[in-house]
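So this block is structure_1.cif, mmCIF, C-alpha atoms:
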```cif
data_work
loop_
_atom_site.label_atom_id
_atom_site.label_comp_id
_atom_site.auth_asym_id
_atom_site.auth_seq_id
_atom_site.Cartn_x
_atom_site.Cartn_y
_atom_site.Cartn_z
CA MET W 1 6.29 30.20 1.60
CA PHE W 2 3.86 28.10 -0.43
CA ASP W 3 5.60 29.18 -3.63
CA ASP W 4 8.86 27.79 -2.26
CA LEU W 5 7.18 24.45 -1.56
CA LYS W 6 5.55 24.15 -4.98
CA PRO W 7 8.59 22.70 -6.79
CA HIS W 8 9.04 20.10 -4.02
CA LEU W 9 5.35 19.19 -4.12
CA PHE W 10 5.44 18.79 -7.90
CA GLU W 11 8.56 16.64 -7.61
CA LEU W 12 6.91 14.54 -4.88
CA ARG W 13 3.81 14.05 -7.03
CA LYS W 14 6.00 12.98 -9.93
CA ARG W 15 7.89 10.42 -7.84
CA LEU W 16 4.69 9.06 -6.29
CA GLY W 17 3.10 8.83 -9.73
CA ILE W 18 6.00 6.83 -11.17
CA SER W 19 5.96 4.54 -8.13
CA ALA W 20 2.20 3.98 -8.44
CA ILE W 21 2.48 3.19 -12.16
CA SER W 22 5.27 0.69 -11.50
CA ILE W 23 3.13 -1.04 -8.87
CA VAL W 24 0.15 -1.26 -11.26
CA ILE W 25 2.30 -2.75 -14.04
CA ALA W 26 3.90 -5.21 -11.62
CA PHE W 27 0.44 -6.13 -10.29
CA PHE W 28 -0.82 -7.19 -13.72
CA ILE W 29 2.37 -9.18 -14.34
CA MET W 30 2.02 -11.00 -11.01
CA PHE W 31 -1.70 -11.59 -11.49
CA TYR W 32 -0.80 -13.88 -14.38
CA PHE W 33 1.15 -16.03 -11.90
CA HIS W 34 -1.31 -15.72 -9.00
CA GLU W 35 -1.94 -19.47 -8.72
CA ILE W 36 1.77 -20.22 -8.33
CA LEU W 37 2.12 -17.38 -5.83
CA LEU W 38 -0.86 -18.56 -3.80
CA GLU W 39 0.54 -22.09 -3.62
CA TRP W 40 3.82 -20.62 -2.36
CA MET W 41 2.01 -18.55 0.27
CA ILE W 42 -0.11 -21.36 1.69
CA ALA W 43 2.68 -23.98 1.65
CA PRO W 44 3.76 -23.23 5.27
CA LEU W 45 0.12 -23.39 6.37
CA ASN W 46 -0.49 -26.72 4.63
CA GLU W 47 2.64 -28.17 6.21
CA ALA W 48 1.47 -27.03 9.65
CA LEU W 49 -1.98 -28.57 9.07
CA ILE W 50 -0.39 -31.87 8.02
CA GLU W 51 1.81 -31.93 11.12
CA VAL W 52 -1.13 -31.14 13.38
CA GLY W 53 -3.19 -33.83 11.65
CA LYS W 54 -0.55 -36.38 12.57
CA LYS W 55 -0.72 -35.37 16.21
CA SER W 56 -4.47 -35.09 16.68
CA VAL W 57 -7.40 -37.06 15.33
CA HIS W 58 -9.62 -33.96 15.59
CA ALA W 59 -7.26 -31.95 13.40
CA ALA W 60 -7.05 -34.59 10.68
CA ASN W 61 -9.68 -32.82 8.61
CA GLY W 62 -8.17 -29.35 8.99
CA MET W 63 -8.35 -27.36 5.76
CA VAL W 64 -8.14 -23.94 4.15
CA THR W 65 -11.57 -22.50 3.34
CA THR W 66 -13.24 -19.34 2.03
CA SER W 67 -16.35 -17.75 3.50
CA GLN W 68 -17.07 -15.12 0.85
CA VAL W 69 -18.69 -15.14 -2.56
CA GLY W 70 -15.83 -14.49 -4.93
CA GLY W 71 -13.37 -14.94 -2.07
CA ALA W 72 -10.86 -16.73 -4.31
CA PHE W 73 -10.87 -13.79 -6.74
CA PHE W 74 -10.21 -11.20 -4.04
CA VAL W 75 -7.47 -13.38 -2.60
CA ALA W 76 -5.87 -13.52 -6.06
CA LEU W 77 -5.97 -9.71 -6.17
CA LYS W 78 -4.36 -9.40 -2.74
CA VAL W 79 -1.65 -11.92 -3.56
CA SER W 80 -0.90 -10.22 -6.88
CA PHE W 81 -0.71 -6.80 -5.22
CA PHE W 82 1.66 -8.11 -2.56
CA ALA W 83 3.93 -9.70 -5.17
CA GLY W 84 3.66 -6.65 -7.42
CA LEU W 85 4.78 -4.40 -4.60
CA LEU W 86 7.86 -6.56 -4.10
CA LEU W 87 8.57 -6.57 -7.84
CA ALA W 88 8.26 -2.77 -8.00
CA LEU W 89 10.42 -2.20 -4.91
CA PRO W 90 13.58 -1.25 -6.87
CA VAL W 91 11.60 1.43 -8.74
CA ILE W 92 10.07 2.72 -5.50
CA LEU W 93 13.48 2.95 -3.83
CA SER W 94 14.93 4.72 -6.86
CA GLN W 95 12.15 7.31 -6.71
CA ILE W 96 12.79 7.89 -3.01
CA TRP W 97 16.47 8.48 -3.74
CA LEU W 98 15.78 10.75 -6.73
CA PHE W 99 13.42 12.84 -4.58
CA ILE W 100 16.11 13.57 -2.00
CA ALA W 101 19.01 13.66 -4.52
CA PRO W 102 18.80 17.42 -5.28
CA GLY W 103 19.81 18.14 -1.68
CA LEU W 104 22.85 15.84 -1.79
CA TYR W 105 26.47 16.42 -2.73
CA ALA W 106 27.80 15.07 -6.02
CA ASN W 107 29.57 12.11 -4.39
CA GLU W 108 26.40 11.23 -2.43
CA LYS W 109 24.25 11.23 -5.56
CA LYS W 110 26.36 8.36 -6.90
CA MET W 111 24.97 6.08 -4.19
CA LEU W 112 21.73 5.47 -6.09
CA LEU W 113 22.56 1.92 -7.21
CA PRO W 114 23.92 0.81 -3.80
CA PHE W 115 20.77 2.21 -2.16
CA ILE W 116 18.48 0.33 -4.56
CA PHE W 117 20.48 -2.91 -4.41
CA GLY W 118 20.95 -2.77 -0.63
CA GLY W 119 17.32 -1.89 0.09
CA THR W 120 15.93 -4.54 -2.23
CA SER W 121 18.32 -7.22 -1.00
CA MET W 122 17.66 -6.59 2.69
CA PHE W 123 13.89 -6.56 2.13
CA ALA W 124 14.16 -9.88 0.28
CA ILE W 125 16.30 -11.33 3.09
CA GLY W 126 13.71 -10.21 5.63
CA VAL W 127 10.90 -11.86 3.66
CA ALA W 128 12.94 -15.06 3.26
CA PHE W 129 13.73 -15.13 6.98
CA ALA W 130 10.04 -14.71 7.81
CA TYR W 131 8.97 -17.39 5.33
CA TYR W 132 11.56 -20.08 6.08
CA VAL W 133 12.21 -19.47 9.79
CA VAL W 134 9.36 -17.59 11.46
CA THR W 135 6.22 -18.93 9.79
CA PRO W 136 7.02 -22.65 10.31
CA PHE W 137 7.46 -22.08 14.06
CA GLY W 138 4.61 -19.58 14.35
CA PHE W 139 2.02 -21.54 12.39
CA ASP W 140 2.89 -24.82 14.06
CA PHE W 141 2.46 -23.25 17.50
CA LEU W 142 -0.72 -21.30 16.72
CA ILE W 143 -2.48 -24.16 14.94
CA THR W 144 -1.32 -26.90 17.29
CA PHE W 145 -2.53 -24.98 20.33
CA GLY W 146 -6.04 -26.25 21.07
CA SER W 147 -6.08 -28.63 18.10
CA PHE W 148 -6.94 -31.55 20.38
CA LYS W 149 -10.35 -29.90 20.90
CA PHE W 150 -10.99 -27.99 17.67
CA THR W 151 -10.69 -28.72 13.98
CA PRO W 152 -8.72 -25.92 12.27
CA LEU W 153 -10.68 -24.43 9.36
CA ILE W 154 -8.47 -21.58 8.18
CA ASN W 155 -10.15 -18.73 6.29
CA ILE W 156 -7.98 -17.93 3.26
CA GLU W 157 -8.88 -14.22 3.31
CA ASP W 158 -7.73 -13.87 6.90
CA TYR W 159 -4.64 -15.96 6.23
CA VAL W 160 -3.48 -13.84 3.29
CA GLY W 161 -3.76 -10.67 5.37
CA PHE W 162 -1.96 -12.39 8.24
CA PHE W 163 0.78 -13.69 5.94
CA THR W 164 1.44 -10.39 4.14
CA LYS W 165 1.59 -8.53 7.46
CA ILE W 166 4.37 -10.82 8.66
CA MET W 167 6.26 -10.66 5.36
CA PHE W 168 6.12 -6.88 5.10
CA GLY W 169 6.91 -6.49 8.77
CA PHE W 170 10.12 -8.50 8.51
CA GLY W 171 10.99 -6.97 5.15
CA LEU W 172 10.76 -3.45 6.55
CA ALA W 173 12.57 -4.44 9.75
CA PHE W 174 15.55 -5.73 7.77
CA GLU W 175 15.87 -2.33 6.05
CA LEU W 176 17.29 -0.89 9.29
CA PRO W 177 21.00 -1.25 8.38
CA VAL W 178 20.43 0.24 4.92
CA PHE W 179 18.69 3.36 6.21
CA ALA W 180 21.16 3.70 9.09
CA TYR W 181 24.07 3.51 6.65
CA PHE W 182 22.69 6.23 4.40
CA LEU W 183 21.67 8.44 7.32
CA GLY W 184 25.25 8.14 8.51
CA LEU W 185 26.51 8.88 5.01
CA LEU W 186 24.43 12.07 4.97
CA GLY W 187 25.86 13.05 8.36
CA LEU W 188 22.50 12.89 10.13
CA VAL W 189 23.57 10.31 12.72
CA ASN W 190 26.84 8.91 14.07
CA ASP W 191 27.86 5.81 16.00
CA LYS W 192 27.94 7.48 19.44
CA GLN W 193 24.39 8.73 19.04
CA MET W 194 23.20 5.24 18.12
CA ILE W 195 25.08 3.67 21.03
CA ALA W 196 23.59 6.21 23.46
CA PHE W 197 20.13 5.40 22.09
CA PHE W 198 20.57 1.61 22.17
CA LYS W 199 18.72 0.74 25.39
CA TYR W 200 15.72 2.79 24.29
CA ALA W 201 15.92 1.29 20.80
CA ILE W 202 15.38 -2.12 22.43
CA ILE W 203 12.08 -0.88 23.90
CA ILE W 204 10.99 0.43 20.50
CA ILE W 205 12.04 -2.84 18.83
CA PHE W 206 9.87 -4.94 21.13
CA ILE W 207 6.93 -2.56 20.65
CA VAL W 208 7.32 -2.78 16.85
CA ALA W 209 7.65 -6.58 17.05
CA ALA W 210 4.43 -6.77 19.08
CA LEU W 211 2.59 -4.65 16.50
CA LEU W 212 3.88 -6.43 13.38
CA THR W 213 3.63 -10.06 14.50
CA PRO W 214 0.87 -12.40 15.73
CA PRO W 215 -0.01 -12.23 19.43
CA ASP W 216 2.39 -14.96 20.52
CA VAL W 217 5.69 -14.50 22.31
CA LEU W 218 7.64 -16.87 20.06
CA THR W 219 7.03 -14.91 16.85
CA GLN W 220 7.68 -11.59 18.59
CA LEU W 221 11.04 -12.84 19.85
CA LEU W 222 11.89 -14.13 16.37
CA MET W 223 11.46 -10.57 15.09
CA ALA W 224 12.93 -8.69 18.06
CA GLY W 225 16.08 -10.85 18.18
CA PRO W 226 17.24 -10.19 14.60
CA LEU W 227 16.27 -6.51 14.94
CA ILE W 228 18.57 -6.09 17.94
CA ILE W 229 21.37 -7.76 15.99
CA LEU W 230 20.65 -5.54 12.98
CA TYR W 231 20.80 -2.47 15.22
CA GLY W 232 24.28 -3.56 16.28
CA VAL W 233 25.25 -4.04 12.63
CA SER W 234 23.85 -0.58 11.91
CA ILE W 235 26.14 0.93 14.56
CA LEU W 236 29.16 -0.64 12.87
CA LEU W 237 28.07 0.59 9.43
CA VAL W 238 27.50 4.13 10.71
CA LYS W 239 30.90 4.06 12.42
CA MET W 240 32.47 3.24 9.05
CA VAL W 241 30.91 6.20 7.21
CA ASN W 242 30.39 8.81 9.95
CA PRO W 243 32.40 8.08 13.12
CA ALA W 244 32.06 10.56 15.97
CA ASP W 245 35.18 12.44 17.02
CA ASP W 246 36.59 11.44 20.39
CA ASP W 247 36.58 15.03 21.61
CA ASP W 248 33.25 15.95 20.04
CA THR W 249 30.73 16.49 22.83
CA GLU W 250 28.10 18.01 20.59
CA ASP W 251 27.09 14.59 19.23
CA ILE W 252 26.76 13.19 22.75
CA GLU W 253 24.64 16.13 23.82
CA SER W 254 22.48 15.66 20.73
CA ALA W 255 22.03 11.98 21.56
CA GLU W 256 21.20 12.81 25.16
CA ASP W 257 18.60 15.32 23.96
CA GLY W 258 17.03 12.58 21.83
CA VAL W 259 17.03 10.21 24.80
CA ALA W 260 15.42 12.86 26.99
CA ILE W 261 12.66 13.37 24.41
CA LEU W 262 12.02 9.61 24.27
CA LYS W 263 11.93 9.44 28.08
CA ASP W 264 9.24 12.13 28.18
CA ALA W 265 7.24 10.34 25.47
CA LEU W 266 7.40 6.99 27.28
CA GLY W 267 6.94 8.50 30.74
CA ILE W 268 10.30 7.18 31.97
CA GLU W 269 11.72 9.01 34.97
CA ASP W 270 15.41 9.69 35.46
CA ASP W 271 17.27 7.49 37.95
CA ASP W 272 18.23 8.66 41.42
CA ALA W 273 21.68 9.80 40.31
CA ASP W 274 20.17 12.11 37.74
CA ARG W 275 17.88 13.64 40.37
CA SER W 276 20.62 14.19 42.95
CA PRO W 277 21.49 17.79 43.95
CA LYS W 278 24.96 17.29 42.47
CA ASN W 279 23.49 16.87 38.99
CA LYS W 280 20.93 19.67 39.25
#
```

Is it possible to give me this structure as structure tokens?
Amino acid sequence: MFDDLKPHLFELRKRLGISAISIVIAFFIMFYFHEILLEWMIAPLNEALIEVGKKSVHAANGMVTTSQVGGAFFVALKVSFFAGLLLALPVILSQIWLFIAPGLYANEKKMLLPFIFGGTSMFAIGVAFAYYVVTPFGFDFLITFGSFKFTPLINIEDYVGFFTKIMFGFGLAFELPVFAYFLGLLGLVNDKQMIAFFKYAIIIIFIVAALLTPPDVLTQLLMAGPLIILYGVSILLVKMVNPADDDDTEDIESAEDGVAILKDALGIEDDDADRSPKNK
């Protein structure tokens, strides 16, 4: 059995190695521009501090600080790594596709470029949405709250981690239609299965939004809302490439099995109709 896995493990190591090398190269390229990148990252924070300073005398002296020796250097490393990961994303996606390509049909292997372009574009859209829509609302709310009593002194190390978490969270969330499309293309999921799973997908979406965003309701809703819309878009995309047959009950049963598994995992009991003697 292990001998059968060896070729796959070697191929996986090769793809991971190429991805890692691309990230390292992109990191050094982005490190050269780290000052420009850092200014771009803290721009929403500075704008929020300025707005808060206009509203409160106590917040007028709010500023971005560092509490570590060499803090600015480590921040530059984090910013460069974040930007390098984005720059290397097309290579990473290509390696993911090349790893699974041997198991695909000839016509499916031709989808390499659409997969790379679609994945990169949707990730970039997610990052842009987080930067231009979510962070202005989120930072303004979080910094304004309590500013009439406290002067905001924002630690840059904490802020960079906070910022990258939001950016990556939204970037990954916006990949949903891309992965749904290609899962449908491979015949692993169809539109009826996704529709049957929709109400449980909403629960998962809000859980993911709570984990990937700051602990405020506004930011969580700003992630959950687009994700629900993207799930609907994903259903339409899957219906285009792998529609379920009207008389095919196997797909519905498969979806119901998946729903039953999720119910058990979340501890959700069936409704009264499901527990009636008629349905037993």

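Using all atoms listed in the file, the shortest contact distance between W:Leu185 and any of W:Ile229, W:Leu104, W:Ile205, W:Leu218 is found at W:Leu104.
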
Wanna dump the stretch 151-246 of chain W-stretch 24-43 of chain W contacts at 10 Å for me, each residue with its shortest atom pair and the distance in Å to one decimal, counting only C-alpha atoms, ordered by chain and number, as CSV?
```
residue,atom,partner,partner_atom,distance
W:Ile156,CA,W:Ile42,CA,8.7
W:Tyr159,CA,W:Ile42,CA,8.4
W:Val160,CA,W:Met41,CA,7.8
W:Phe163,CA,W:Met41,CA,7.6
W:Thr164,CA,W:Met41,CA,9.0
```

Point to revise | Straight-line distance linking atom CA of W:Leu85 with atom CA of W:Phe115, stated in Å to one decimal | key: 17.5 Å

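In this comparison, which uses all atoms listed in the file, the residue of W:Ser19, W:Met240, W:Ser94, W:Glu157 approaching W:Phe73 most closely is W:Glu157.
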
Practice item. Can you turn the PyMOL selection byres ((chain W and resi 178) around 12) into a concrete residue list for this file, as a PyMOL selection string? Key: chain W and resi 93+111+114-123+171-177+179-185+230-231+233-238

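When atom CA of W:Leu16 is paired with atom CA of W:Leu112, their separation reads 17.4 Å.
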
Point to revise | Atomic distance atom CA of W:Lys239 - atom CA of W:Pro226, expressed in Å with one decimal | key: 19.9 Å

Exercise for review: Starting from the point (4.6, -13.5, 17.8), work out which residues of protein, DNA or RNA have an atom no more than 12 Å away when counting only C-alpha atoms; state them as a VMD selection string.
Suggested key: chain W and resid 130 134 to 135 137 to 139 141 to 142 162 165 to 166 169 to 170 206 to 225

Point to revise | For stretch 45-48 of chain W: contacts at 8 Å, all atoms listed in the file, fewer than 6 positions along chain excluded, given as a PyMOL selection string | key: chain W and resi 63+136+139-140+143

Practice item. Would you please work out which residue, of W:Leu227, W:Val64, W:Phe10, W:Ala244, is nearest to W:Met194 when using all atoms listed in the file? Key: W:Ala244

Check your understanding: In terms of the shortest atom-to-atom distance over all atoms listed in the file, which of W:Phe197, W:Leu153, W:Lys6, W:Ala20 is closest to W:Gly84?
Key -> W:Ala20

Point to revise | Nearest to W:Ser67, chosen from W:Val241, W:Ile154, W:Leu49, W:Leu186, with only C-alpha atoms counted in the distances | key: W:Ile154

Check your understanding: Taking into account only C-alpha atoms, which residue in the set W:Pro44, W:Gln68, W:His8, W:Val133 is nearest to W:Ile100?
Key -> W:His8
